[in-house]
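my_file36.cif (mmCIF, C-alpha atoms)
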data_my_file
#
loop_
_atom_site.label_atom_id
_atom_site.label_comp_id
_atom_site.auth_asym_id
_atom_site.auth_seq_id
_atom_site.Cartn_x
_atom_site.Cartn_y
_atom_site.Cartn_z
CA MET A 1 204.18 59.22 -60.14
CA THR A 2 206.33 60.41 -57.27
CA TYR A 3 209.50 62.47 -57.12
CA GLN A 4 212.45 60.13 -56.71
CA PRO A 5 214.11 60.73 -53.33
CA THR A 6 217.84 61.34 -53.65
CA GLU A 7 220.66 61.26 -51.12
CA ARG A 8 220.00 64.97 -50.64
CA THR A 9 216.23 64.90 -50.28
CA THR A 10 215.87 61.81 -48.10
CA LEU A 11 214.89 62.66 -44.55
CA ARG A 12 216.91 60.58 -42.10
CA ARG A 13 215.47 62.25 -39.01
CA LEU A 14 211.67 61.88 -38.62
CA PRO A 15 211.28 60.20 -42.04
CA GLU A 16 207.52 59.89 -41.41
CA ARG A 17 207.29 63.62 -42.12
CA ALA A 18 208.64 63.26 -45.67
CA HIS A 19 206.38 63.27 -48.73
CA TYR A 20 207.38 62.84 -52.35
CA ASP A 21 204.03 62.85 -54.12
CA PRO A 22 203.17 65.71 -56.50
CA GLU A 23 199.77 66.31 -54.86
CA THR A 24 201.37 67.25 -51.54
CA VAL A 25 204.22 69.17 -53.16
CA HIS A 26 201.95 71.10 -55.52
CA SER A 27 199.43 71.98 -52.82
CA ILE A 28 202.15 73.52 -50.63
CA LEU A 29 203.73 75.40 -53.54
CA ASP A 30 200.33 76.67 -54.64
CA GLU A 31 199.27 77.86 -51.18
CA GLY A 32 202.50 79.69 -50.45
CA PHE A 33 203.74 82.59 -52.52
CA ILE A 34 207.02 83.61 -50.91
CA CYS A 35 209.99 81.27 -51.12
CA HIS A 36 213.45 81.53 -49.67
CA ILE A 37 216.03 80.82 -52.31
CA GLY A 38 219.42 79.56 -51.25
CA PHE A 39 222.39 80.15 -53.52
CA VAL A 40 226.13 80.70 -53.24
CA VAL A 41 228.20 83.70 -54.34
CA ASP A 42 231.97 83.66 -53.73
CA GLY A 43 231.55 80.78 -51.31
CA GLN A 44 229.02 82.64 -49.17
CA PRO A 45 225.53 81.15 -48.94
CA TYR A 46 222.56 83.49 -49.19
CA SER A 47 218.94 82.80 -48.39
CA LEU A 48 216.65 85.46 -49.82
CA PRO A 49 212.87 85.84 -49.90
CA THR A 50 211.21 86.27 -53.26
CA GLY A 51 208.00 85.49 -55.11
CA TYR A 52 207.53 82.51 -57.38
CA ALA A 53 204.96 80.70 -59.47
CA ARG A 54 204.42 77.13 -60.59
CA ILE A 55 203.36 76.00 -64.04
CA GLY A 56 203.11 72.22 -64.22
CA GLU A 57 206.43 70.78 -63.13
CA THR A 58 208.39 74.03 -63.34
CA LEU A 59 208.92 76.78 -60.80
CA TYR A 60 209.48 80.31 -62.04
CA LEU A 61 211.39 83.01 -60.22
CA HIS A 62 212.35 86.48 -61.26
CA GLY A 63 214.93 89.05 -60.46
CA SER A 64 216.27 92.27 -61.78
CA THR A 65 218.92 91.87 -64.42
CA GLY A 66 220.87 94.59 -62.57
CA SER A 67 221.13 92.60 -59.35
CA ARG A 68 224.69 92.14 -58.17
CA LEU A 69 224.46 89.49 -55.50
CA GLY A 70 221.32 87.89 -56.76
CA LEU A 71 220.16 84.92 -58.63
CA ARG A 72 221.71 84.11 -61.95
CA PRO A 73 221.08 81.52 -64.66
CA GLY A 74 222.94 78.24 -64.29
CA MET A 75 223.15 78.54 -60.50
CA ASP A 76 222.67 75.64 -58.11
CA VAL A 77 219.86 76.69 -55.84
CA CYS A 78 217.57 75.47 -53.11
CA VAL A 79 214.08 76.91 -53.19
CA THR A 80 212.15 76.43 -49.97
CA VAL A 81 208.52 77.29 -49.33
CA THR A 82 207.38 77.11 -45.73
CA LEU A 83 203.79 77.35 -44.48
CA LEU A 84 203.64 77.88 -40.74
CA ASP A 85 200.46 76.28 -39.41
CA GLY A 86 200.96 76.56 -35.69
CA ILE A 87 202.96 76.26 -32.51
CA VAL A 88 203.21 72.84 -30.88
CA LEU A 89 203.15 73.05 -27.09
CA ALA A 90 204.38 69.83 -25.55
CA ARG A 91 204.67 69.14 -21.84
CA SER A 92 208.46 69.15 -22.04
CA ALA A 93 210.49 72.04 -23.40
CA PHE A 94 212.42 69.57 -25.55
CA HIS A 95 209.38 68.48 -27.58
CA HIS A 96 208.14 71.94 -28.46
CA SER A 97 207.87 72.31 -32.20
CA PHE A 98 205.99 73.95 -35.06
CA GLN A 99 203.19 72.72 -37.26
CA TYR A 100 204.37 73.34 -40.77
CA ARG A 101 204.30 72.21 -44.35
CA SER A 102 207.40 72.89 -46.40
CA VAL A 103 208.79 72.02 -49.80
CA MET A 104 212.43 72.03 -50.79
CA VAL A 105 213.43 72.05 -54.46
CA LEU A 106 217.06 71.50 -55.44
CA GLY A 107 218.26 72.20 -58.94
CA ARG A 108 219.94 74.55 -61.34
CA THR A 109 218.32 77.71 -62.67
CA ARG A 110 217.67 78.05 -66.36
CA LEU A 111 217.23 81.48 -67.99
CA VAL A 112 213.91 81.66 -69.79
CA THR A 113 214.58 83.04 -73.26
CA ASP A 114 211.49 81.90 -75.15
CA SER A 115 209.13 84.89 -75.23
CA GLY A 116 206.01 82.74 -74.94
CA GLU A 117 207.33 80.93 -71.88
CA LYS A 118 208.48 84.23 -70.39
CA ASP A 119 205.06 85.85 -70.92
CA ALA A 120 203.32 82.88 -69.34
CA ALA A 121 205.71 82.92 -66.38
CA LEU A 122 205.30 86.65 -65.76
CA THR A 123 201.52 86.31 -65.84
CA ALA A 124 201.70 83.33 -63.48
CA LEU A 125 203.94 85.28 -61.07
CA VAL A 126 201.14 87.85 -60.57
CA GLU A 127 198.23 85.40 -60.76
CA HIS A 128 199.89 83.21 -58.14
CA PHE A 129 199.54 85.68 -55.28
CA MET A 130 196.41 87.44 -56.60
CA PRO A 131 194.28 85.33 -58.92
CA GLY A 132 192.36 87.54 -61.33
CA ARG A 133 194.76 90.47 -61.15
CA SER A 134 196.51 90.08 -64.49
CA ALA A 135 193.27 90.82 -66.37
CA ASP A 136 193.21 94.31 -64.79
CA ALA A 137 196.81 95.41 -64.38
CA ARG A 138 198.65 97.01 -67.29
CA PRO A 139 200.74 94.24 -68.89
CA GLY A 140 204.50 94.56 -68.96
CA SER A 141 206.02 96.66 -71.74
CA GLY A 142 208.88 95.41 -73.86
CA ARG A 143 211.29 97.51 -71.79
CA GLU A 144 209.92 96.15 -68.52
CA GLN A 145 210.09 92.59 -69.75
CA ALA A 146 213.67 93.10 -70.88
CA ALA A 147 214.57 94.39 -67.40
CA THR A 148 213.20 91.24 -65.77
CA ALA A 149 215.16 88.02 -65.81
CA VAL A 150 212.87 85.01 -65.49
CA LEU A 151 214.48 81.82 -64.23
CA ALA A 152 213.03 78.34 -64.37
CA LEU A 153 213.69 75.45 -62.02
CA PRO A 154 212.37 71.97 -62.78
CA LEU A 155 210.49 70.08 -60.06
CA GLU A 156 212.72 67.02 -60.11
CA GLU A 157 214.75 66.81 -56.91
CA VAL A 158 211.95 67.70 -54.52
CA SER A 159 210.73 66.81 -51.08
CA ALA A 160 207.92 67.97 -48.83
CA LYS A 161 208.02 67.89 -45.06
CA VAL A 162 204.80 68.05 -43.07
CA ARG A 163 204.13 68.09 -39.34
CA THR A 164 200.56 67.69 -38.17
CA GLY A 165 198.71 66.32 -35.18
CA ASP A 166 199.16 66.37 -31.44
CA PRO A 167 202.32 67.19 -29.52
CA LYS A 168 204.49 64.14 -28.92
CA ASP A 169 205.60 63.81 -25.33
CA ASP A 170 207.65 61.18 -23.58
CA ASP A 171 205.38 58.59 -21.94
CA GLU A 172 206.17 59.64 -18.38
CA ASP A 173 205.46 63.31 -19.14
CA TYR A 174 201.74 62.78 -19.91
CA GLU A 175 201.15 62.78 -16.15
CA LEU A 176 202.52 66.31 -15.74
CA PRO A 177 200.00 69.06 -14.90
CA VAL A 178 201.04 71.10 -17.95
CA TRP A 179 198.66 72.31 -20.67
CA ALA A 180 199.59 70.86 -24.06
CA GLY A 181 198.19 71.37 -27.53
CA ILE A 182 198.44 73.38 -30.70
CA LEU A 183 198.09 77.10 -31.24
CA PRO A 184 197.05 77.28 -34.91
CA LEU A 185 198.48 80.11 -36.99
CA ALA A 186 197.46 81.36 -40.40
CA LEU A 187 198.32 84.20 -42.72
CA THR A 188 195.14 86.26 -42.87
CA PRO A 189 194.19 89.35 -44.87
CA GLY A 190 193.22 92.63 -43.25
CA GLU A 191 191.14 95.47 -44.64
CA PRO A 192 192.57 96.53 -48.05
CA VAL A 193 194.14 100.02 -48.07
CA PRO A 194 193.55 102.01 -51.26
CA ASP A 195 196.51 103.86 -52.74
CA SER A 196 196.42 107.48 -51.51
CA ARG A 197 196.35 108.56 -55.17
CA LEU A 198 193.53 106.20 -56.16
CA ASP A 199 190.58 107.67 -58.03
CA PRO A 200 187.79 107.04 -55.47
CA THR A 201 185.29 106.14 -58.21
CA ILE A 202 187.27 102.97 -58.97
CA ALA A 203 185.68 100.06 -57.07
CA MET A 204 187.74 97.52 -55.19
CA PRO A 205 187.82 94.29 -57.21
CA SER A 206 186.30 91.18 -55.65
CA TYR A 207 189.61 89.31 -56.00
CA VAL A 208 191.07 91.81 -53.50
CA LYS A 209 188.03 91.96 -51.20
CA ASP A 210 187.62 88.17 -51.08
CA TRP A 211 191.30 87.17 -51.20
CA LYS A 212 192.14 84.18 -49.11
CA ARG A 213 194.61 81.35 -49.01
CA MET B 1 225.51 102.44 -33.00
CA THR B 2 224.70 100.89 -36.35
CA TYR B 3 225.80 97.69 -38.04
CA GLN B 4 228.55 98.51 -40.50
CA PRO B 5 227.35 97.78 -44.05
CA THR B 6 229.76 95.55 -45.95
CA GLU B 7 230.14 94.78 -49.62
CA ARG B 8 227.77 91.87 -49.03
CA THR B 9 225.08 93.67 -47.04
CA THR B 10 224.93 96.91 -49.05
CA LEU B 11 221.76 97.16 -51.11
CA ARG B 12 222.54 98.51 -54.56
CA ARG B 13 218.99 98.17 -55.83
CA LEU B 14 216.39 100.23 -53.94
CA PRO B 15 218.93 101.35 -51.29
CA GLU B 16 216.21 103.38 -49.55
CA ARG B 17 214.81 100.09 -48.26
CA ALA B 18 218.00 99.23 -46.35
CA HIS B 19 218.33 99.72 -42.61
CA TYR B 20 221.37 99.08 -40.43
CA ASP B 21 220.19 100.28 -37.03
CA PRO B 22 219.79 97.76 -34.20
CA GLU B 23 216.27 99.00 -33.36
CA THR B 24 214.92 98.01 -36.76
CA VAL B 25 216.93 94.79 -36.90
CA HIS B 26 215.98 93.71 -33.37
CA SER B 27 212.30 94.49 -33.83
CA ILE B 28 212.10 92.28 -36.93
CA LEU B 29 214.07 89.45 -35.31
CA ASP B 30 211.90 89.67 -32.20
CA GLU B 31 208.59 89.66 -34.07
CA GLY B 32 209.50 86.70 -36.30
CA PHE B 33 210.28 83.27 -34.96
CA ILE B 34 211.03 81.17 -38.04
CA CYS B 35 214.16 81.90 -40.02
CA HIS B 36 215.47 80.35 -43.20
CA ILE B 37 219.08 79.41 -42.80
CA GLY B 38 221.27 79.19 -45.88
CA PHE B 39 224.34 76.97 -45.79
CA VAL B 40 226.40 74.86 -48.16
CA VAL B 41 227.10 71.12 -48.07
CA ASP B 42 229.25 69.59 -50.81
CA GLY B 43 228.82 72.69 -52.93
CA GLN B 44 225.02 72.52 -52.78
CA PRO B 45 223.21 75.42 -51.08
CA TYR B 46 220.36 74.65 -48.73
CA SER B 47 217.78 77.00 -47.28
CA LEU B 48 215.94 75.44 -44.38
CA PRO B 49 213.31 76.77 -41.98
CA THR B 50 214.05 76.60 -38.28
CA GLY B 51 213.38 78.41 -35.03
CA TYR B 52 215.75 80.89 -33.45
CA ALA B 53 216.10 83.29 -30.56
CA ARG B 54 218.01 86.49 -29.93
CA ILE B 55 219.88 87.40 -26.76
CA GLY B 56 221.49 90.81 -27.07
CA GLU B 57 223.68 90.79 -30.15
CA THR B 58 223.66 87.01 -30.64
CA LEU B 59 221.26 84.77 -32.52
CA TYR B 60 220.82 81.20 -31.32
CA LEU B 61 219.78 78.27 -33.45
CA HIS B 62 219.51 74.63 -32.65
CA GLY B 63 219.62 71.35 -34.43
CA SER B 64 219.86 67.68 -33.68
CA THR B 65 223.40 66.45 -33.27
CA GLY B 66 222.37 63.48 -35.45
CA SER B 67 221.49 65.64 -38.44
CA ARG B 68 223.35 64.65 -41.58
CA LEU B 69 222.75 67.51 -43.97
CA GLY B 70 222.16 70.12 -41.36
CA LEU B 71 223.81 72.95 -39.66
CA ARG B 72 227.21 72.43 -38.13
CA PRO B 73 229.56 74.54 -36.06
CA GLY B 74 232.03 76.67 -37.99
CA MET B 75 229.77 76.94 -41.03
CA ASP B 76 229.30 80.08 -43.08
CA VAL B 77 225.59 80.78 -43.00
CA CYS B 78 222.97 83.31 -43.97
CA VAL B 79 220.06 83.57 -41.57
CA THR B 80 217.06 85.37 -43.00
CA VAL B 81 213.89 86.35 -41.18
CA THR B 82 211.03 87.58 -43.34
CA LEU B 83 207.80 89.15 -42.12
CA LEU B 84 205.21 89.35 -44.87
CA ASP B 85 203.02 92.40 -44.26
CA GLY B 86 200.98 92.55 -47.44
CA ILE B 87 200.54 92.42 -51.17
CA VAL B 88 201.24 95.59 -53.15
CA LEU B 89 198.83 96.03 -56.04
CA ALA B 90 200.15 98.57 -58.50
CA ARG B 91 198.41 99.65 -61.70
CA SER B 92 201.05 97.92 -63.82
CA ALA B 93 201.93 94.24 -63.50
CA PHE B 94 205.61 95.22 -63.37
CA HIS B 95 205.28 97.23 -60.14
CA HIS B 96 203.46 94.58 -58.14
CA SER B 97 205.35 93.78 -55.00
CA PHE B 98 205.09 92.71 -51.36
CA GLN B 99 205.12 94.69 -48.15
CA TYR B 100 207.74 93.03 -46.02
CA ARG B 101 210.33 93.50 -43.36
CA SER B 102 213.33 91.19 -43.50
CA VAL B 103 216.67 90.78 -41.81
CA MET B 104 219.69 89.01 -43.23
CA VAL B 105 222.56 87.94 -40.96
CA LEU B 106 225.80 86.66 -42.45
CA GLY B 107 228.37 84.94 -40.33
CA ARG B 108 229.90 81.75 -39.07
CA THR B 109 228.21 79.47 -36.55
CA ARG B 110 229.87 78.85 -33.20
CA LEU B 111 229.03 75.78 -31.14
CA VAL B 112 227.82 76.80 -27.69
CA THR B 113 229.73 74.73 -25.16
CA ASP B 114 229.34 76.80 -21.99
CA SER B 115 226.47 75.22 -20.06
CA GLY B 116 225.21 78.54 -18.72
CA GLU B 117 225.04 80.03 -22.21
CA LYS B 118 223.42 76.85 -23.55
CA ASP B 119 220.75 76.86 -20.82
CA ALA B 120 219.97 80.52 -21.50
CA ALA B 121 219.77 79.89 -25.24
CA LEU B 122 217.46 76.88 -24.88
CA THR B 123 215.16 78.85 -22.60
CA ALA B 124 215.18 81.77 -25.04
CA LEU B 125 214.35 79.44 -27.95
CA VAL B 126 211.05 78.50 -26.25
CA GLU B 127 210.32 81.93 -24.75
CA HIS B 128 210.83 83.55 -28.14
CA PHE B 129 207.77 81.99 -29.78
CA MET B 130 205.69 81.61 -26.59
CA PRO B 131 206.62 84.05 -23.82
CA GLY B 132 205.81 82.54 -20.42
CA ARG B 133 206.00 78.94 -21.55
CA SER B 134 209.34 77.98 -20.04
CA ALA B 135 208.00 78.46 -16.51
CA ASP B 136 205.45 75.67 -17.14
CA ALA B 137 207.11 73.15 -19.45
CA ARG B 138 209.36 70.47 -18.03
CA PRO B 139 212.94 71.72 -18.48
CA GLY B 140 215.35 69.75 -20.63
CA SER B 141 217.07 66.78 -19.03
CA GLY B 142 220.80 66.27 -19.27
CA ARG B 143 220.24 63.69 -22.01
CA GLU B 144 217.97 66.02 -23.97
CA GLN B 145 220.41 68.89 -23.68
CA ALA B 146 223.23 66.66 -24.87
CA ALA B 147 221.16 65.69 -27.92
CA THR B 148 220.68 69.32 -28.88
CA ALA B 149 223.43 71.29 -30.55
CA VAL B 150 223.07 75.00 -29.91
CA LEU B 151 224.79 77.29 -32.36
CA ALA B 152 225.47 80.98 -31.93
CA LEU B 153 225.77 83.61 -34.64
CA PRO B 154 226.89 87.16 -33.81
CA LEU B 155 224.84 90.09 -35.11
CA GLU B 156 227.71 91.78 -36.90
CA GLU B 157 227.24 91.57 -40.66
CA VAL B 158 223.55 92.42 -40.71
CA SER B 159 221.06 94.31 -42.81
CA ALA B 160 217.32 94.89 -42.70
CA LYS B 161 215.16 95.53 -45.72
CA VAL B 162 211.76 97.15 -45.33
CA ARG B 163 209.05 98.01 -47.83
CA THR B 164 206.14 100.15 -46.67
CA GLY B 165 203.74 102.65 -48.13
CA ASP B 166 201.76 103.00 -51.32
CA PRO B 167 202.35 101.18 -54.58
CA LYS B 168 204.77 103.02 -56.86
CA ASP B 169 203.51 103.37 -60.39
CA ASP B 170 204.98 105.07 -63.41
CA ASP B 171 203.63 108.62 -63.75
CA GLU B 172 201.54 107.91 -66.82
CA ASP B 173 199.89 104.88 -65.21
CA TYR B 174 198.14 106.86 -62.48
CA GLU B 175 195.48 107.73 -65.04
CA LEU B 176 194.56 104.09 -65.63
CA PRO B 177 191.16 102.91 -64.33
CA VAL B 178 192.79 100.17 -62.24
CA TRP B 179 192.31 99.72 -58.49
CA ALA B 180 195.62 100.04 -56.63
CA GLY B 181 196.54 99.67 -53.00
CA ILE B 182 197.72 97.27 -50.33
CA LEU B 183 196.16 94.06 -49.10
CA PRO B 184 197.60 93.76 -45.56
CA LEU B 185 198.53 90.30 -44.35
CA ALA B 186 199.37 89.11 -40.86
CA LEU B 187 200.06 85.86 -39.10
CA THR B 188 197.13 85.43 -36.75
CA PRO B 189 196.34 82.81 -34.13
CA GLY B 190 193.26 80.61 -34.27
CA GLU B 191 191.44 78.80 -31.47
CA PRO B 192 193.97 76.69 -29.50
CA VAL B 193 193.48 72.92 -29.88
CA PRO B 194 194.12 70.91 -26.70
CA ASP B 195 196.16 67.71 -27.02
CA SER B 196 193.76 64.75 -27.36
CA ARG B 197 195.41 63.25 -24.27
CA LEU B 198 195.19 66.43 -22.18
CA ASP B 199 193.71 66.13 -18.69
CA PRO B 200 190.60 68.34 -19.12
CA THR B 201 190.99 69.82 -15.63
CA ILE B 202 194.18 71.61 -16.75
CA ALA B 203 193.27 75.17 -17.73
CA MET B 204 194.62 76.81 -20.84
CA PRO B 205 197.33 79.30 -19.83
CA SER B 206 196.76 82.97 -20.64
CA TYR B 207 199.99 83.08 -22.67
CA VAL B 208 198.35 80.64 -25.09
CA LYS B 209 194.88 82.23 -25.05
CA ASP B 210 196.22 85.77 -25.50
CA TRP B 211 199.19 84.99 -27.77
CA LYS B 212 199.83 87.59 -30.40
CA ARG B 213 202.67 88.98 -32.41
#

Whole structure, structure tokens version:
Amino acid sequence: MTYQPTERTTLRRLPERAHYDPETVHSILDEGFICHIGFVVDGQPYSLPTGYARIGETLYLHGSTGSRLGLRPGMDVCVTVTLLDGIVLARSAFHHSFQYRSVMVLGRTRLVTDSGEKDAALTALVEHFMPGRSADARPGSGREQAATAVLALPLEEVSAKVRTGDPKDDDEDYELPVWAGILPLALTPGEPVPDSRLDPTIAMPSYVKDWKR
Amino acid sequence: MTYQPTERTTLRRLPERAHYDPETVHSILDEGFICHIGFVVDGQPYSLPTGYARIGETLYLHGSTGSRLGLRPGMDVCVTVTLLDGIVLARSAFHHSFQYRSVMVLGRTRLVTDSGEKDAALTALVEHFMPGRSADARPGSGREQAATAVLALPLEEVSAKVRTGDPKDDDEDYELPVWAGILPLALTPGEPVPDSRLDPTIAMPSYVKDWKR
């Protein structure tokens, strides 16, 4: 199975970077945990960072129900997840680029009203950035759940874009005495910082200590 | 001087996270180097990752002039830069969050036609992610410059949003035996990887070896 490319998800420029298979798409969505969601209010586009989770072929997003400019049900959106893997240093300024893996999902948001689906989505939203956490944290109360709108977006109109490998220079530029290559970049965890009000007898869980992506 | 908050850049939710001073806005824009640009084509919002640079109170973006779905001059856009600083682990699932610093710029793109401004912007676009690089890389040829559309966006309708500090839990939850705190995250460089076609007598420049953000 692959996602069917549409007019809107077909890469015309550098089509060799496009991927439509679920393995590639899922692996990018599962490694990232911040998306930028594009939507339109009063003709003005917005692109806002937010968390997300994936369950099967559905993305879940959440927002406050009190949000004025934010995401609403039934909105056309573009959810983009970008993993920055490095800086591409070519011999010519023109061919400088980034190593990246990104996924773009186009679709319309659906308000999740089923309480079972909403529970599963809210758990997934925490588990996605910190696997193991939802067994420890106090679960959401009825009031908290009511204050959270969960929106679903089907993985249907989807594309991934991946750049890997060496810089690409023009043939004649390979003779230039200019260093070329990749500076890899990765999001890495630092030393966890306990809450200043934390009871010091509470041990740091291994899912925090050993977190990695 | 501060950026004047507008209806569209005023945070109603968690207004204490909003900042409108150029120092905060510039520091976030200067530390990041990938933005997500929101724009609308045929009613569909897109949110796409791309590089950028700042010169004074102007952001510069570039795209291929052959791009079909991409950025064009005279477009209403939202440029968002997000720096992810950590994961906020509260005692309750509901109060989990991220440490982040983000900037949102709303405005209309202007095609840069002045060759001096275009040269400066193209240099800044490389210098922004790799200071020192433009002195080494072969500069753009006339043909390459013609193939690159440079778009400018004024820093006028701008806001920054910053979350720092401890998790915030509900009063009664501080008694729970749940570890709480921050897992810091940062984009860190790995060992540079020379191009497989690199002449091995060419030394790695210090701006690559010592790159940091």

Inset, instruction - Could you state which residues are captured by the PyMOL selection byres ((chain B) within 7 of (chain A)) in this file, as a PyMOL selection string? - result: chain B and resi 13+36-40+44-48+67+76-80+91-94+134+136-140+144+166-167+177-196+198+202-204

The distance between CA of Val25 in chain A and CA of Val150 in chain A is 21.9 Å

CA of Thr6 in chain A to CA of Ser159 in chain A, distance in Å rounded to a single decimal: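 Computing it gives 9.3 Å between the two atoms.
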
- Expand the PyMOL selection byres ((chain B and resi 153-157) around 7) into the individual residues it matches in the shown file, reporting them as number ranges by chain. B: 3, 57-60, 105-110, 151-152, 158

Now that the selection is made, can you save its residues with C-alpha atoms as a short mmCIF file (atom, residue, chain, number, x, y, z; two decimals), in the frame of the given file?
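Listed below is the output, selection.cif:
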data_model
loop_
_atom_site.label_atom_id
_atom_site.label_comp_id
_atom_site.auth_asym_id
_atom_site.auth_seq_id
_atom_site.Cartn_x
_atom_site.Cartn_y
_atom_site.Cartn_z
CA TYR B 3 225.80 97.69 -38.04
CA GLU B 57 223.68 90.79 -30.15
CA THR B 58 223.66 87.01 -30.64
CA LEU B 59 221.26 84.77 -32.52
CA TYR B 60 220.82 81.20 -31.32
CA VAL B 105 222.56 87.94 -40.96
CA LEU B 106 225.80 86.66 -42.45
CA GLY B 107 228.37 84.94 -40.33
CA ARG B 108 229.90 81.75 -39.07
CA THR B 109 228.21 79.47 -36.55
CA ARG B 110 229.87 78.85 -33.20
CA LEU B 151 224.79 77.29 -32.36
CA ALA B 152 225.47 80.98 -31.93
CA VAL B 158 223.55 92.42 -40.71
#

Between CA of Gly56 in chain B and CA of Glu31 in chain B lies a distance of 14.7 Å

Let me have the centre and edge lengths in Å, one decimal, of the box along x, y and z around every listed atom of range 8-21 of chain A with 5 Å of margin on each side, as JSON.
{"center_x": 212.0, "center_y": 62.4, "center_z": -46.4, "size_x": 26.0, "size_y": 15.1, "size_z": 25.5}

Where atoms are missing, can you supply N, CA and C atoms for range 139-156 of chain A and output the lot as a compact mmCIF listing (two decimals), in the coordinates of the input?
# COMPACT_ATOMS: atom_id res chain seq x y z
N PRO A 139 199.70 95.26 -68.64
CA PRO A 139 200.74 94.24 -68.89
C PRO A 139 202.11 94.88 -69.02
N GLY A 140 203.14 94.07 -68.85
CA GLY A 140 204.50 94.56 -68.96
C GLY A 140 204.83 95.05 -70.36
N SER A 141 205.56 96.16 -70.45
CA SER A 141 206.02 96.66 -71.74
C SER A 141 207.25 95.88 -72.16
N GLY A 142 207.66 96.08 -73.38
CA GLY A 142 208.88 95.41 -73.86
C GLY A 142 210.09 95.77 -73.00
N ARG A 143 210.18 97.05 -72.63
CA ARG A 143 211.29 97.51 -71.79
C ARG A 143 211.26 96.84 -70.41
N GLU A 144 210.05 96.78 -69.84
CA GLU A 144 209.92 96.15 -68.52
C GLU A 144 210.28 94.67 -68.58
N GLN A 145 209.80 94.01 -69.63
CA GLN A 145 210.09 92.59 -69.75
C GLN A 145 211.59 92.36 -69.92
N ALA A 146 212.23 93.25 -70.67
CA ALA A 146 213.67 93.10 -70.88
C ALA A 146 214.44 93.30 -69.57
N ALA A 147 213.88 94.12 -68.68
CA ALA A 147 214.57 94.39 -67.40
C ALA A 147 214.37 93.28 -66.38
N THR A 148 213.51 92.31 -66.72
CA THR A 148 213.20 91.24 -65.77
C THR A 148 213.79 89.93 -66.27
N ALA A 149 214.65 89.35 -65.48
CA ALA A 149 215.16 88.02 -65.81
C ALA A 149 214.20 87.00 -65.19
N VAL A 150 213.71 86.09 -66.01
CA VAL A 150 212.87 85.01 -65.49
C VAL A 150 213.69 83.73 -65.50
N LEU A 151 213.71 83.06 -64.37
CA LEU A 151 214.48 81.82 -64.23
C LEU A 151 213.53 80.67 -63.96
N ALA A 152 213.85 79.54 -64.55
CA ALA A 152 213.03 78.34 -64.37
C ALA A 152 213.82 77.31 -63.59
N LEU A 153 213.09 76.52 -62.82
CA LEU A 153 213.69 75.45 -62.02
C LEU A 153 212.76 74.24 -62.13
N PRO A 154 213.25 73.12 -62.63
CA PRO A 154 212.37 71.97 -62.78
C PRO A 154 212.07 71.33 -61.42
N LEU A 155 210.84 70.84 -61.27
CA LEU A 155 210.49 70.08 -60.06
C LEU A 155 210.94 68.64 -60.28
N GLU A 156 212.18 68.37 -59.95
CA GLU A 156 212.72 67.02 -60.11
C GLU A 156 213.24 66.49 -58.78
